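Trainee: My questions will all concern the structure given below.
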Amino acid sequence: MPDQRARTHRRCRLPCGEFDRASGCGRRDGRTLAARSANERSLKLSTKLDLVIQGGIVVNADHMQRADVGISEGRVVALGEALGDAKQTIDAAGRLVMPGGVDTHCHIEQVSGNGLLNADTFETATRSAAFGGNTTVVSHAAQHKGNRVAAVVKDYSALAARGAMVDYAFHIIVSDPEVEALEALEALEADIAALATDGHRSLKIFTTYAIRLSDAQILAVFALARKVGGLVCIHAENHDMIQHAVRRNLVAGNVAPKFHAQSHTRLAEAEAVCRMIRFSEFLDQPIMLFHISTREGVEAVREARARGAKVFAETCTHYLLMTADVLDRPGIEGAKFVCSPPQREVADQDALWEGLTRGDLQIVTSDHAPFRFDETGKLNKGKAPAFNEIPNGMPGLEVRLPLLFDAMVSRGRFDACRFVQMTSSRPAQIFGLRDKGRIAVGADGDIAIWNPKRQVRYGDNDLHDNVGYNPYAGRTVTGWPEIVISRGETIVADGQLLAGPGRRIGSSWNLASKGV
Ligand SMILES: [Zn+2]
């Protein structure tokens with residue numbers, strides 16, 4: 001698409017994002033920026049704006065422009081020049097004014113499959129997310145055996161409403177679809193339908209862990225999702241291949257954290273990813289493959305999308321920026337980095353970056369799954385646990401965007417438009433969060449103002465979550481979210497938190513993904 005891309009560049013007078021055919025985010029409407037600005041100016045309200053962000057470069061997924069942003073009653077109401085008086089003005093000269101990050105894969109205040117509660121509450125997790133430039137998180141309402149999903153979502157909503165400082169939505173983990181008991185399946189179907197009507201249309205299933213589903217159950221969930229127009233997110237690793245390798249390692253006395261990576265063989269990801277793709281094609285049900293970590297995984301997704309399968313896929317910050325050698329740190333230190341799938345090799349990282357460049361992978365999330373490095377979390381089975389006794393997961397909400405801005409934009413891999421696309425716009429679009437992921441008239445006033453030159457070195461325990469360690473301690477990033485605004489309200493500025501828990505009710509969600 002060289003011609004189209006060149007035209008886009010000329011209109012913007014600033015470097016634009018690559019025209020990304022696969023993403024659907026490229027600008028195709030043919031309107032020039034000049035026309036757009038005139039329109040936007042005409043929408044300017046006669047009353048005083050609540051907030052004007054002045055003099056920055058506004059970055060959206062498809063273009064950048066020098067513009068002021070006017071916000072009233074929590075929404076963007078004007079975009080252009082000379083927007084007039086406002087109750088509050090923020091000078092953004094030399095700054096990038098970007099949509100707040102949308103992190104669609106995190107675990108907050110959730111009891112994990114092994115019965116352990118995450119270290120973070122909604123308050124601590126969303127505080128951490130806000131410091132990291134995010135204004136929306138999507139976490140998991142987890143069904144455990146015997147629970148009705150309607151009750152699970154009701155209880156989880158109460159926790160979120162009490163603690164959250166930014167907007168949120170949920171994926172509903174389905175772990176108990178009793179396909180043989182017709183009555184139970186009908187109850188689940190009724191719950192899923194009612195939740196979908198309320199805007200909860202994202203289901204999550206596992207092919208591994210205690211909460212894994214059988215193939216028959218997975219097909220039943222796909223069929224339910226299809227009825228309500230939902231999306232099914234999947235943790236895809238083959239459970240029995242992993243358990244086979246775990247047993248083999250334990251018998252051989254291989255208990256150190258590094259054997260976690262070896263046990264979660266790359267073939268276990270490849271097998272489950274391919275199987276889930278075929279299930280998706282069999283029932284014509286859109287899926288989102290979570291945390292692709294291997295070259296084989298990327299290739300399977302690429303081939304599926306080329307066939308027209310309704311398959312989305314993400315990778316996570318740590319697969320792009322860490323390799324399996326982090327698990328081999330002295331003593332039990334490697335436990336801090338145990339997550340599933342595990343970190344892989346440099347060749348896999350190259351494949352993931354290529355997958356993002358080509359659009360095979362659409363988004364990058366954190367998979368924030370926080371456990372403290374003590375007896376309440378990583379070391380709950382003692383001071384020297386075997387690799388399979390270490391809870392899986394790492395903190396990531398706060399570091400995702402600065403690490404990715406540094407890796408993508410500061411190091412010249414992508415421009416800021418692509419960064420916004422993969423970390424905010426596309427996640428919002430895929431999960432039907434209509435008013436998120438863009439700075440445009442009518443969108444929510446969710447904005448992060450970035451200093452692209454600011455350098456920050458991560459310390460051992462400098463995050464605002466409740467985890468107590470930073471897996472990226474010692475790394476220096478260039479580019480930093482200095483001011484974070486949620487629905488027009490400044491919630492983080494100059495390293496200070498200006499929001500309190502419970503300021504979001506998350507009631508305006510419309511999770512309504514309709515496929516690729
Ligand atoms: Zn996860």
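Quick note on naming: the chains in the structure tokens go A, B, ... in the order shown, residues restart at 1 in each chain, and ligands are numbered from 1 in order of appearance.
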Would you name the residues within 9 Å of ligand 1, counting only C-alpha atoms and all ligand atoms, and put them as a list in words?

Mentor: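 Counting only C-alpha atoms and all ligand atoms, the residues within 9 Å of ligand 1 come out as His105, Cys106, His107, Ser139, His140, His235, Phe290, His291, Ser340, Ser366, Asp367, His368, Ala369 and Gly393 of chain A.
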
Trainee: Taking 2 positions as the minimum chain separation for residues in the same chain, which residues sit within 6 Å of Ala119 (chain A) when counting only C-alpha atoms? Answer as a VMD selection string.

Mentor: chain A and resid 370 to 371 466

Trainee: Can you list every residue of region 456-510 of chain A that has an atom at most 10 Å from region 440-452 of chain A, with its nearest atom pair and the distance in Å to one decimal, using only C-alpha atoms, ordered by chain then number, as JSON lines?

Mentor:
```
{"residue": "A:Thr478", "atom": "CA", "partner": "A:Pro452", "partner_atom": "CA", "distance": 6.6}
{"residue": "A:Gly479", "atom": "CA", "partner": "A:Pro452", "partner_atom": "CA", "distance": 4.0}
{"residue": "A:Trp480", "atom": "CA", "partner": "A:Trp450", "partner_atom": "CA", "distance": 5.4}
{"residue": "A:Pro481", "atom": "CA", "partner": "A:Trp450", "partner_atom": "CA", "distance": 4.2}
{"residue": "A:Glu482", "atom": "CA", "partner": "A:Trp450", "partner_atom": "CA", "distance": 5.7}
{"residue": "A:Ile483", "atom": "CA", "partner": "A:Ile449", "partner_atom": "CA", "distance": 5.1}
{"residue": "A:Val484", "atom": "CA", "partner": "A:Ala448", "partner_atom": "CA", "distance": 4.5}
{"residue": "A:Ile485", "atom": "CA", "partner": "A:Ile447", "partner_atom": "CA", "distance": 5.0}
{"residue": "A:Ser486", "atom": "CA", "partner": "A:Asp446", "partner_atom": "CA", "distance": 4.5}
{"residue": "A:Arg487", "atom": "CA", "partner": "A:Gly445", "partner_atom": "CA", "distance": 4.3}
{"residue": "A:Gly488", "atom": "CA", "partner": "A:Gly445", "partner_atom": "CA", "distance": 4.7}
{"residue": "A:Glu489", "atom": "CA", "partner": "A:Gly445", "partner_atom": "CA", "distance": 8.0}
{"residue": "A:Thr490", "atom": "CA", "partner": "A:Ile447", "partner_atom": "CA", "distance": 9.0}
{"residue": "A:Val492", "atom": "CA", "partner": "A:Ala448", "partner_atom": "CA", "distance": 9.3}
{"residue": "A:Ala493", "atom": "CA", "partner": "A:Ile449", "partner_atom": "CA", "distance": 9.5}
```

Trainee: Apply DSSP to the structure's backbone, then extract all residues of region 185-319 of chain A labelled alpha helix (DSSP H) and return them as a ChimeraX atom specification.

Mentor: /A:185-197,215-228,239-251,258-263,266-283,295-306,317-319

Trainee: Quick one: distance from CA of Gln349 (chain A) to CA of Leu327 (chain A) in Å, one decimal?

Mentor: 16.4 Å

Trainee: Which polymer residues have any atom within 9 Å of an atom of Asn254 (chain A), counting only C-alpha atoms, with same-chain residues fewer than 6 positions away left out, as a count of residues only?

Mentor: 3

Trainee: I want to know what sits within 6 Å of region 281-289 of chain A, based on only C-alpha atoms, with residues of the same chain fewer than 4 positions away left out; could you give that as a ChimeraX atom specification?

Mentor: /A:226,231-234,310-313,515

Trainee: Residues of the last selection are to be written out with N, CA and C atoms, as a PDB file, in the first residue's frame.

Mentor:
```pdb
ATOM      1  N   ARG A 226     -21.205 -18.040  20.707  1.00  0.00           N
ATOM      2  CA  ARG A 226     -21.713 -17.728  19.359  1.00  0.00           C
ATOM      3  C   ARG A 226     -23.151 -17.221  19.429  1.00  0.00           C
ATOM      4  N   LEU A 231     -16.951 -13.018  22.488  1.00  0.00           N
ATOM      5  CA  LEU A 231     -15.589 -13.381  22.094  1.00  0.00           C
ATOM      6  C   LEU A 231     -15.060 -14.350  23.156  1.00  0.00           C
ATOM      7  N   VAL A 232     -14.338 -15.390  22.730  1.00  0.00           N
ATOM      8  CA  VAL A 232     -13.756 -16.309  23.711  1.00  0.00           C
ATOM      9  C   VAL A 232     -12.239 -16.115  23.753  1.00  0.00           C
ATOM     10  N   CYS A 233     -11.727 -15.756  24.922  1.00  0.00           N
ATOM     11  CA  CYS A 233     -10.290 -15.610  25.126  1.00  0.00           C
ATOM     12  C   CYS A 233      -9.755 -16.932  25.680  1.00  0.00           C
ATOM     13  N   ILE A 234      -8.556 -17.285  25.249  1.00  0.00           N
ATOM     14  CA  ILE A 234      -8.062 -18.621  25.604  1.00  0.00           C
ATOM     15  C   ILE A 234      -6.614 -18.593  26.081  1.00  0.00           C
ATOM     16  N   LYS A 310     -11.469 -16.395  12.216  1.00  0.00           N
ATOM     17  CA  LYS A 310     -11.765 -15.231  13.062  1.00  0.00           C
ATOM     18  C   LYS A 310     -10.926 -15.310  14.336  1.00  0.00           C
ATOM     19  N   VAL A 311      -9.652 -15.107  14.142  1.00  0.00           N
ATOM     20  CA  VAL A 311      -8.692 -15.305  15.227  1.00  0.00           C
ATOM     21  C   VAL A 311      -7.940 -14.009  15.496  1.00  0.00           C
ATOM     22  N   PHE A 312      -8.015 -13.562  16.744  1.00  0.00           N
ATOM     23  CA  PHE A 312      -7.159 -12.478  17.224  1.00  0.00           C
ATOM     24  C   PHE A 312      -6.074 -13.102  18.096  1.00  0.00           C
ATOM     25  N   ALA A 313      -4.977 -12.376  18.260  1.00  0.00           N
ATOM     26  CA  ALA A 313      -3.939 -12.889  19.162  1.00  0.00           C
ATOM     27  C   ALA A 313      -3.156 -11.737  19.771  1.00  0.00           C
ATOM     28  N   GLY A 515     -15.950 -10.159  15.960  1.00  0.00           N
ATOM     29  CA  GLY A 515     -15.042 -10.931  15.118  1.00  0.00           C
ATOM     30  C   GLY A 515     -14.038 -10.054  14.413  1.00  0.00           C
TER      31      GLY A 515
END
```

Trainee: Extract, using only C-alpha atoms, all DNA, RNA and protein residues at most 7 Å from region 165-169 of chain A, discarding same-chain residues fewer than 6 positions from it, and format them as a list of chain:residue names.

Mentor: A:Glu123, A:Thr126, A:Arg127, A:Thr135, A:Thr136, A:Val137, A:Val138, A:Ser139, A:Ser486, A:Ala499, A:Gly500, A:Pro501, A:Gly502, A:Arg503, A:Arg504, A:Gly506, A:Trp509
